[in-house]
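Data file: run-v5.cif. Format and content: mmCIF, C-alpha atoms (C1' of nucleotides).
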```
data_work
#
loop_
_atom_site.label_atom_id
_atom_site.label_comp_id
_atom_site.auth_asym_id
_atom_site.auth_seq_id
_atom_site.Cartn_x
_atom_site.Cartn_y
_atom_site.Cartn_z
CA MET A 12 10.81 24.39 76.10
CA ARG A 13 12.72 22.13 78.43
CA ILE A 14 12.00 18.54 79.37
CA SER A 15 12.50 18.23 83.11
CA THR A 16 14.61 15.74 85.03
CA LYS A 17 11.49 13.77 85.85
CA GLY A 18 10.97 12.73 82.25
CA ARG A 19 14.63 12.30 81.53
CA TYR A 20 15.24 10.20 84.62
CA ALA A 21 12.16 8.12 83.84
CA LEU A 22 13.60 7.21 80.46
CA ARG A 23 16.97 6.24 81.90
CA LEU A 24 15.17 4.30 84.60
CA MET A 25 13.11 2.28 82.16
CA LEU A 26 16.12 1.71 79.94
CA ASP A 27 18.16 0.59 82.94
CA ILE A 28 15.58 -2.02 83.89
CA ALA A 29 15.23 -3.13 80.28
CA MET A 30 18.96 -3.71 80.06
CA GLN A 31 19.03 -6.08 82.99
CA GLU A 32 17.96 -9.70 82.95
CA ALA A 33 14.20 -9.84 82.33
CA ASP A 34 11.97 -11.04 85.22
CA LYS A 35 14.67 -10.38 87.76
CA PRO A 36 13.52 -7.55 90.04
CA ILE A 37 15.78 -4.51 89.90
CA SER A 38 15.98 -2.36 93.03
CA ILE A 39 15.89 1.42 93.06
CA LYS A 40 19.12 1.36 94.98
CA ASP A 41 20.93 -0.37 92.12
CA ILE A 42 19.42 1.86 89.46
CA ALA A 43 20.29 4.96 91.45
CA LYS A 44 23.86 3.78 91.80
CA ARG A 45 24.26 2.98 88.11
CA GLN A 46 22.50 6.11 86.87
CA MET A 47 23.90 8.41 89.54
CA ILE A 48 20.47 9.73 90.47
CA SER A 49 19.08 10.32 93.97
CA GLU A 50 17.42 7.16 95.31
CA LYS A 51 14.55 9.01 96.92
CA TYR A 52 13.80 11.03 93.83
CA LEU A 53 13.82 7.88 91.69
CA GLU A 54 11.37 6.34 94.13
CA GLN A 55 8.87 9.08 93.38
CA ILE A 56 9.35 8.80 89.66
CA ILE A 57 9.04 5.04 89.52
CA SER A 58 5.89 5.27 91.61
CA ILE A 59 4.29 7.21 88.74
CA LEU A 60 5.40 4.51 86.31
CA ASN A 61 4.08 1.88 88.68
CA LYS A 62 0.66 3.49 88.96
CA ALA A 63 0.56 3.78 85.17
CA GLY A 64 1.10 0.04 84.99
CA TYR A 65 4.41 0.34 83.17
CA VAL A 66 6.41 -1.51 85.80
CA LYS A 67 5.48 -4.16 88.35
CA SER A 68 6.75 -3.74 91.89
CA ILE A 69 7.87 -6.59 94.10
CA ARG A 70 7.98 -5.57 97.74
CA GLY A 71 10.19 -6.81 100.55
CA ALA A 72 13.80 -7.93 100.62
CA GLN A 73 15.20 -8.95 97.22
CA GLY A 74 12.33 -7.01 95.73
CA GLY A 75 12.41 -4.34 93.06
CA TYR A 76 10.80 -3.62 89.75
CA VAL A 77 10.29 -5.44 86.47
CA LEU A 78 8.85 -4.25 83.18
CA ARG A 79 5.25 -5.24 82.62
CA ARG A 80 5.58 -5.33 78.82
CA LYS A 81 8.24 -5.94 76.21
CA PRO A 82 10.58 -3.03 75.42
CA GLN A 83 9.06 -2.56 71.97
CA GLU A 84 5.69 -1.91 73.59
CA TYR A 85 6.83 1.28 75.29
CA THR A 86 7.26 4.45 73.30
CA VAL A 87 9.33 7.35 74.52
CA GLY A 88 6.16 9.43 74.24
CA MET A 89 4.28 7.18 76.67
CA ILE A 90 7.02 7.43 79.25
CA LEU A 91 7.56 11.16 78.90
CA ARG A 92 3.86 12.00 78.93
CA THR A 93 3.08 9.98 82.05
CA THR A 94 5.94 11.53 83.99
CA GLU A 95 6.07 15.05 82.52
CA GLY A 96 2.42 15.53 81.78
CA SER A 97 1.43 16.83 78.35
CA LEU A 98 4.27 17.69 75.99
CA ALA A 99 2.22 20.44 74.34
CA PRO A 100 3.97 23.82 74.05
CA VAL A 101 0.88 25.68 75.28
CA GLU A 102 -2.28 24.78 77.17
CA CYS A 103 -4.58 25.29 74.21
CA VAL A 104 -3.31 22.35 72.14
CA GLY A 105 -2.84 18.68 72.86
CA GLU A 106 -4.84 16.14 74.80
CA GLU A 107 -6.84 18.28 77.20
CA ALA A 108 -6.90 21.38 75.00
CA CYS A 109 -8.65 24.25 76.70
CA GLU A 110 -10.38 27.10 74.98
CA CYS A 111 -9.55 30.76 75.47
CA ASP A 112 -11.37 34.00 74.66
CA ARG A 113 -9.16 34.83 71.74
CA MET A 114 -9.50 31.37 70.19
CA ALA A 115 -11.59 32.59 67.24
CA ASP A 116 -9.00 34.94 65.77
CA CYS A 117 -5.87 33.32 67.19
CA VAL A 118 -3.36 32.50 64.48
CA THR A 119 -0.50 31.55 66.77
CA GLN A 120 -2.51 28.53 67.84
CA LYS A 121 -1.71 27.02 64.46
CA ILE A 122 2.00 27.23 65.30
CA TRP A 123 1.59 25.50 68.63
CA GLN A 124 -0.43 22.76 66.96
CA LYS A 125 2.32 22.15 64.44
CA ILE A 126 4.99 22.06 67.15
CA ASN A 127 2.89 19.68 69.18
CA ASP A 128 2.39 17.36 66.21
CA ALA A 129 6.08 17.44 65.34
CA VAL A 130 7.20 16.60 68.87
CA ASN A 131 4.67 13.80 69.27
CA ASP A 132 5.62 12.37 65.91
CA VAL A 133 9.19 12.02 67.14
CA VAL A 134 8.55 10.59 70.59
CA ASP A 135 5.77 8.26 69.52
CA HIS A 136 7.98 6.57 66.96
CA ILE A 137 10.87 5.71 69.24
CA THR A 138 10.46 2.68 71.46
CA LEU A 139 12.41 1.46 74.44
CA GLU A 140 13.73 -1.27 72.20
CA ASP A 141 15.17 1.35 69.85
CA LEU A 142 17.02 2.81 72.79
CA LEU A 143 18.30 -0.64 73.70
CA ASN A 144 19.59 -1.14 70.19
CA TRP A 145 21.26 2.26 70.13
CA GLN A 146 22.87 1.40 73.43
CA LYS A 147 24.24 -1.83 72.01
CA GLU A 148 25.60 -0.04 68.95
CA LYS A 149 27.37 2.47 71.19
CA GLN A 150 28.94 -0.32 73.21
CA ASP A 151 30.13 -2.14 70.09
CA GLU A 152 31.84 1.03 68.89
CA GLN A 153 34.04 1.12 71.94
CA MET B 21 7.87 21.56 77.35
CA ARG B 22 6.02 24.87 77.55
CA ILE B 23 6.71 28.05 75.64
CA SER B 24 6.48 30.92 78.11
CA THR B 25 4.42 34.08 77.85
CA LYS B 26 7.53 35.96 76.80
CA GLY B 27 7.77 34.16 73.50
CA ARG B 28 4.04 34.05 72.93
CA TYR B 29 3.59 37.74 73.66
CA ALA B 30 6.56 38.58 71.44
CA LEU B 31 4.89 36.84 68.54
CA ARG B 32 1.58 38.65 69.04
CA LEU B 33 3.50 41.87 69.47
CA MET B 34 5.33 41.50 66.17
CA LEU B 35 2.16 40.43 64.41
CA ASP B 36 0.29 43.40 65.85
CA ILE B 37 2.86 45.84 64.50
CA ALA B 38 2.95 44.05 61.15
CA MET B 39 -0.82 44.40 60.83
CA GLN B 40 -0.76 48.16 61.19
CA GLU B 41 0.22 50.63 58.53
CA ALA B 42 3.93 50.19 57.79
CA ASP B 43 6.32 53.02 58.77
CA LYS B 44 3.79 54.44 61.21
CA PRO B 45 5.18 54.04 64.75
CA ILE B 46 3.00 51.85 66.96
CA SER B 47 3.09 52.56 70.68
CA ILE B 48 3.26 49.92 73.38
CA LYS B 49 0.17 51.42 74.90
CA ASP B 50 -1.87 50.64 71.79
CA ILE B 51 -0.48 47.14 71.41
CA ALA B 52 -1.13 46.40 75.06
CA LYS B 53 -4.71 47.57 74.70
CA ARG B 54 -5.39 45.54 71.56
CA GLN B 55 -3.63 42.41 72.79
CA MET B 56 -4.77 42.74 76.40
CA ILE B 57 -1.26 42.36 77.76
CA SER B 58 0.38 44.38 80.55
CA GLU B 59 2.06 47.51 79.15
CA LYS B 60 5.03 47.26 81.43
CA TYR B 61 5.64 43.64 80.62
CA LEU B 62 5.43 44.32 76.91
CA GLU B 63 7.99 47.05 77.36
CA GLN B 64 10.51 44.50 78.60
CA ILE B 65 9.77 42.12 75.80
CA ILE B 66 9.97 44.67 73.02
CA SER B 67 13.25 45.89 74.45
CA ILE B 68 14.70 42.46 73.69
CA LEU B 69 13.36 42.66 70.15
CA ASN B 70 14.76 46.16 69.85
CA LYS B 71 18.24 45.12 70.97
CA ALA B 72 18.10 42.24 68.51
CA GLY B 73 17.44 44.78 65.77
CA TYR B 74 14.03 43.35 64.92
CA VAL B 75 12.15 46.59 65.60
CA LYS B 76 13.21 50.21 65.45
CA SER B 77 12.18 52.45 68.33
CA ILE B 78 11.13 56.05 67.90
CA ARG B 79 11.28 57.94 71.16
CA GLY B 80 9.25 60.87 72.37
CA ALA B 81 5.66 61.86 71.82
CA GLN B 82 3.99 60.19 68.83
CA GLY B 83 6.78 57.64 69.03
CA GLY B 84 6.55 53.88 69.08
CA TYR B 85 7.99 50.97 67.17
CA VAL B 86 8.22 49.94 63.53
CA LEU B 87 9.48 46.72 61.97
CA ARG B 88 13.00 46.92 60.65
CA ARG B 89 12.41 44.33 57.92
CA LYS B 90 9.57 42.98 55.83
CA PRO B 91 7.28 40.42 57.49
CA GLN B 92 8.58 37.62 55.28
CA GLU B 93 12.06 38.20 56.65
CA TYR B 94 11.12 37.19 60.19
CA THR B 95 10.64 33.57 61.06
CA VAL B 96 8.73 32.45 64.13
CA GLY B 97 11.92 30.70 65.18
CA MET B 98 13.89 33.95 65.17
CA ILE B 99 11.34 35.66 67.35
CA LEU B 100 10.91 32.79 69.78
CA ARG B 101 14.61 32.13 70.15
CA THR B 102 15.55 35.74 70.87
CA THR B 103 12.86 36.09 73.52
CA GLU B 104 12.75 32.57 74.98
CA GLY B 105 16.35 31.61 74.56
CA SER B 106 17.13 28.24 73.00
CA LEU B 107 14.17 26.05 72.13
CA ALA B 108 16.17 22.89 72.77
CA PRO B 109 14.50 20.35 75.08
CA VAL B 110 17.71 19.80 77.05
CA GLU B 111 20.96 21.69 77.53
CA CYS B 112 23.08 19.19 75.67
CA VAL B 113 21.59 19.82 72.22
CA GLY B 114 21.05 22.95 70.15
CA GLU B 115 23.13 26.06 69.58
CA GLU B 116 25.35 26.19 72.63
CA ALA B 117 25.35 22.45 73.24
CA CYS B 118 27.29 21.60 76.36
CA GLU B 119 28.98 18.32 77.08
CA CYS B 120 28.28 16.09 80.07
CA ASP B 121 30.14 13.18 81.67
CA ARG B 122 27.76 10.58 80.36
CA MET B 123 27.90 11.92 76.79
CA ALA B 124 29.80 8.89 75.46
CA ASP B 125 27.18 6.29 76.28
CA CYS B 126 24.11 8.51 76.33
CA VAL B 127 21.42 7.24 74.01
CA THR B 128 18.69 9.60 75.14
CA GLN B 129 20.68 12.46 73.61
CA LYS B 130 19.60 11.15 70.22
CA ILE B 131 15.96 11.68 71.21
CA TRP B 132 16.55 15.26 72.30
CA GLN B 133 18.37 15.95 69.07
CA LYS B 134 15.44 14.68 67.04
CA ILE B 135 12.94 16.74 69.04
CA ASN B 136 15.12 19.79 68.66
CA ASP B 137 15.36 19.31 64.90
CA ALA B 138 11.62 18.75 64.58
CA VAL B 139 10.73 21.88 66.55
CA ASN B 140 13.19 24.03 64.68
CA ASP B 141 11.98 22.70 61.37
CA VAL B 142 8.49 23.93 62.22
CA VAL B 143 9.32 27.36 63.59
CA ASP B 144 11.98 28.17 61.01
CA HIS B 145 9.55 27.61 58.16
CA ILE B 146 6.79 29.90 59.34
CA THR B 147 7.29 33.60 58.73
CA LEU B 148 5.51 36.62 60.10
CA GLU B 149 3.97 37.00 56.67
CA ASP B 150 2.44 33.53 56.96
CA LEU B 151 0.82 34.63 60.22
CA LEU B 152 -0.44 37.75 58.49
CA ASN B 153 -2.01 35.65 55.74
CA TRP B 154 -3.59 33.26 58.21
CA GLN B 155 -5.00 36.24 60.03
CA LYS B 156 -6.53 37.58 56.82
CA GLU B 157 -8.06 34.18 56.03
CA LYS B 158 -9.61 34.06 59.49
CA GLN B 159 -11.11 37.49 59.05
CA ASP B 160 -12.53 36.62 55.63
CA GLU B 161 -14.23 33.58 57.13
CA GLN B 162 -16.21 35.75 59.48
"C1'" DT C 25 7.50 73.62 78.76
"C1'" DG C 26 4.31 70.22 79.27
"C1'" DT C 27 2.93 65.82 77.47
"C1'" DT C 28 3.79 61.53 75.51
"C1'" DA C 29 6.48 58.20 74.65
"C1'" DT C 30 10.66 54.99 75.24
"C1'" DC C 31 14.45 53.31 78.36
"C1'" DC C 32 16.42 51.07 82.39
"C1'" DT C 33 16.68 48.62 86.58
"C1'" DA C 34 14.99 46.86 90.80
"C1'" DT C 35 11.54 44.40 93.34
"C1'" DT C 36 7.85 41.11 94.24
"C1'" DG C 37 4.63 37.32 94.45
"C1'" DT C 38 3.70 32.87 92.66
"C1'" DT C 39 4.68 28.54 90.76
"C1'" DT C 40 7.61 24.91 89.43
"C1'" DT C 41 11.55 22.13 89.99
"C1'" DA C 42 14.37 18.99 92.20
"C1'" DC C 43 15.10 17.14 95.76
"C1'" DT C 44 15.34 15.67 101.08
"C1'" DA C 45 13.19 13.65 105.19
"C1'" DT C 46 10.39 10.71 107.95
"C1'" DG C 47 8.14 6.88 108.80
"C1'" DA C 48 5.04 2.97 107.67
"C1'" DT C 49 4.51 -1.45 105.40
"C1'" DT C 50 5.87 -5.74 103.23
"C1'" DT C 51 8.64 -9.87 102.64
"C1'" DA C 52 12.85 -12.82 102.10
"C1'" DT C 53 16.43 -14.51 104.82
"C1'" DT C 54 18.70 -15.98 109.11
"C1'" DA D 3 10.68 -14.77 115.50
"C1'" DA D 4 13.91 -11.26 114.53
"C1'" DT D 5 16.31 -8.73 111.25
"C1'" DA D 6 17.34 -6.61 107.14
"C1'" DA D 7 16.09 -5.06 102.73
"C1'" DA D 8 13.07 -3.41 100.01
"C1'" DT D 9 8.75 -0.60 98.45
"C1'" DC D 10 5.02 2.88 99.71
"C1'" DA D 11 3.20 7.38 101.05
"C1'" DT D 12 3.36 11.95 102.21
"C1'" DA D 13 5.32 16.21 103.89
"C1'" DG D 14 8.75 19.67 103.74
"C1'" DT D 15 12.21 22.79 101.58
"C1'" DA D 16 15.64 25.52 99.01
"C1'" DA D 17 16.43 27.48 94.71
"C1'" DA D 18 15.23 28.88 90.31
"C1'" DA D 19 12.09 30.40 86.83
"C1'" DC D 20 8.04 32.88 85.59
"C1'" DA D 21 5.11 36.72 85.17
"C1'" DA D 22 4.61 40.55 86.14
"C1'" DT D 23 4.82 45.58 88.98
"C1'" DA D 24 7.00 49.78 90.21
"C1'" DG D 25 9.60 53.93 89.85
"C1'" DG D 26 12.05 57.02 87.75
"C1'" DA D 27 15.29 58.75 83.92
"C1'" DT D 28 15.57 60.26 79.18
"C1'" DA D 29 14.03 61.92 74.67
"C1'" DA D 30 11.24 64.41 71.36
"C1'" DC D 31 7.12 66.45 69.53
"C1'" DA D 32 3.58 70.33 70.12
#
```
Target encoding structure tokens, full file:
Amino acid sequence: MRISTKGRYALRLMLDIAMQEADKPISIKDIAKRQMISEKYLEQIISILNKAGYVKSIRGAQGGYVLRRKPQEYTVGMILRTTEGSLAPVECVGEEACECDRMADCVTQKIWQKINDAVNDVVDHITLEDLLNWQKEKQDEQ
Amino acid sequence: MRISTKGRYALRLMLDIAMQEADKPISIKDIAKRQMISEKYLEQIISILNKAGYVKSIRGAQGGYVLRRKPQEYTVGMILRTTEGSLAPVECVGEEACECDRMADCVTQKIWQKINDAVNDVVDHITLEDLLNWQKEKQDEQ
DNA sequence: TGTTATCCTATTGTTTTACTATGATTTATT
DNA sequence: AATAAATCATAGTAAAACAATAGGATAACA
């Protein structure tokens, strides 16, 4: 039931950009340095976010990435799902739910559905702005 | 965020035994046939359940397995956690939560904690008896 | 004493994960 | 115009996890 580095890095990536001055392009190099994540790996992850239209890329020297929308318009669920794929605990629930032979008399399916709903309820109600606020609170504590 | 076959098979395994006549040993061979799961693989899984004290094994001819407790005394969470290991979405939350360098200013940790709580809340409130009842309902429908 | 079952451990093939590597393309700066 | 700094695209790879298979030892009923 683990969330992979892809999804976790994607969140830190988006939060990192959100924390910088808006409209100023942030380079992968800088993010990688701050977040201590491999540059090349971040490149791949941000490319997913780019194709999803979550960030805008600016090529060439002094280029980088900026957020396409305001932080409150991104949910954690959106970011995790685009990078991780479905968050469903099994294939047979969630967005592209498949059917299996045993579907008719399968009672465990009900469990997976409940888990899926519970997880989505959490991630779809936390926005990037929430993370920003939590970050600020943490910094004020210190 | 997937639950592996180990946990899913374990659940079907326990439910299969619970559905048969209590106190009558059920053999792996029979379970495997009914559930269409590899005998040898089931053997490994039930051995985990056996070591956890969830089933009692009866060796020799006419042997098999029986439940040690009543169906209402097993939660789905118990079964999944013993077979799957922790259900936590990341290492740094859950039972044996580790600490990492970035712990102090890590805001994503809060997300993982919430997911963990939500998942556990679901699986710890469904018992094997609930599954049994759902199964009966399904059969009555047909 | 044979048959039926569990018990135990090792091995294997596949897939996923988490990167690393190489090189092309674009653009601001000098 | 040349250079440097950045993104873009795709291929490769080592390690771990997953999902079994395989083989034989042990136990008990008949």
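The space between atom CA of Ala72 of chain A and atom C1' of DT53 of chain C spans 8.2 Å.
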Exercise. Go through the shown structure with the PyMOL selection byres ((chain C) within 7 of (chain B)) and write out the matching residues as an MDAnalysis selection string.
Key: chainID C and resid 28:30
Self-check item: chain A contacts on chain B, only C-alpha atoms, 9 Å, as a ChimeraX atom specification
Solution: /B:21-24,28,31-32,96,104,106-111,124-128,131,134-136,138-143,146,151-152,154-155,158-159
Exercise. With the file shown as input, list the residues that the PyMOL selection byres ((chain D and resi 11) around 12) selects, as a ChimeraX atom specification.
Key: /A:54-55,58 /C:46-49 /D:9-10,12-13
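Atom CA of Val86 of chain B lies 6.7 Å from atom CA of Lys44 of chain B.
Closest to chain D among B:Asp36, B:Glu41, B:Glu149, B:Glu59 is B:Glu59, based on all atoms listed in the file.
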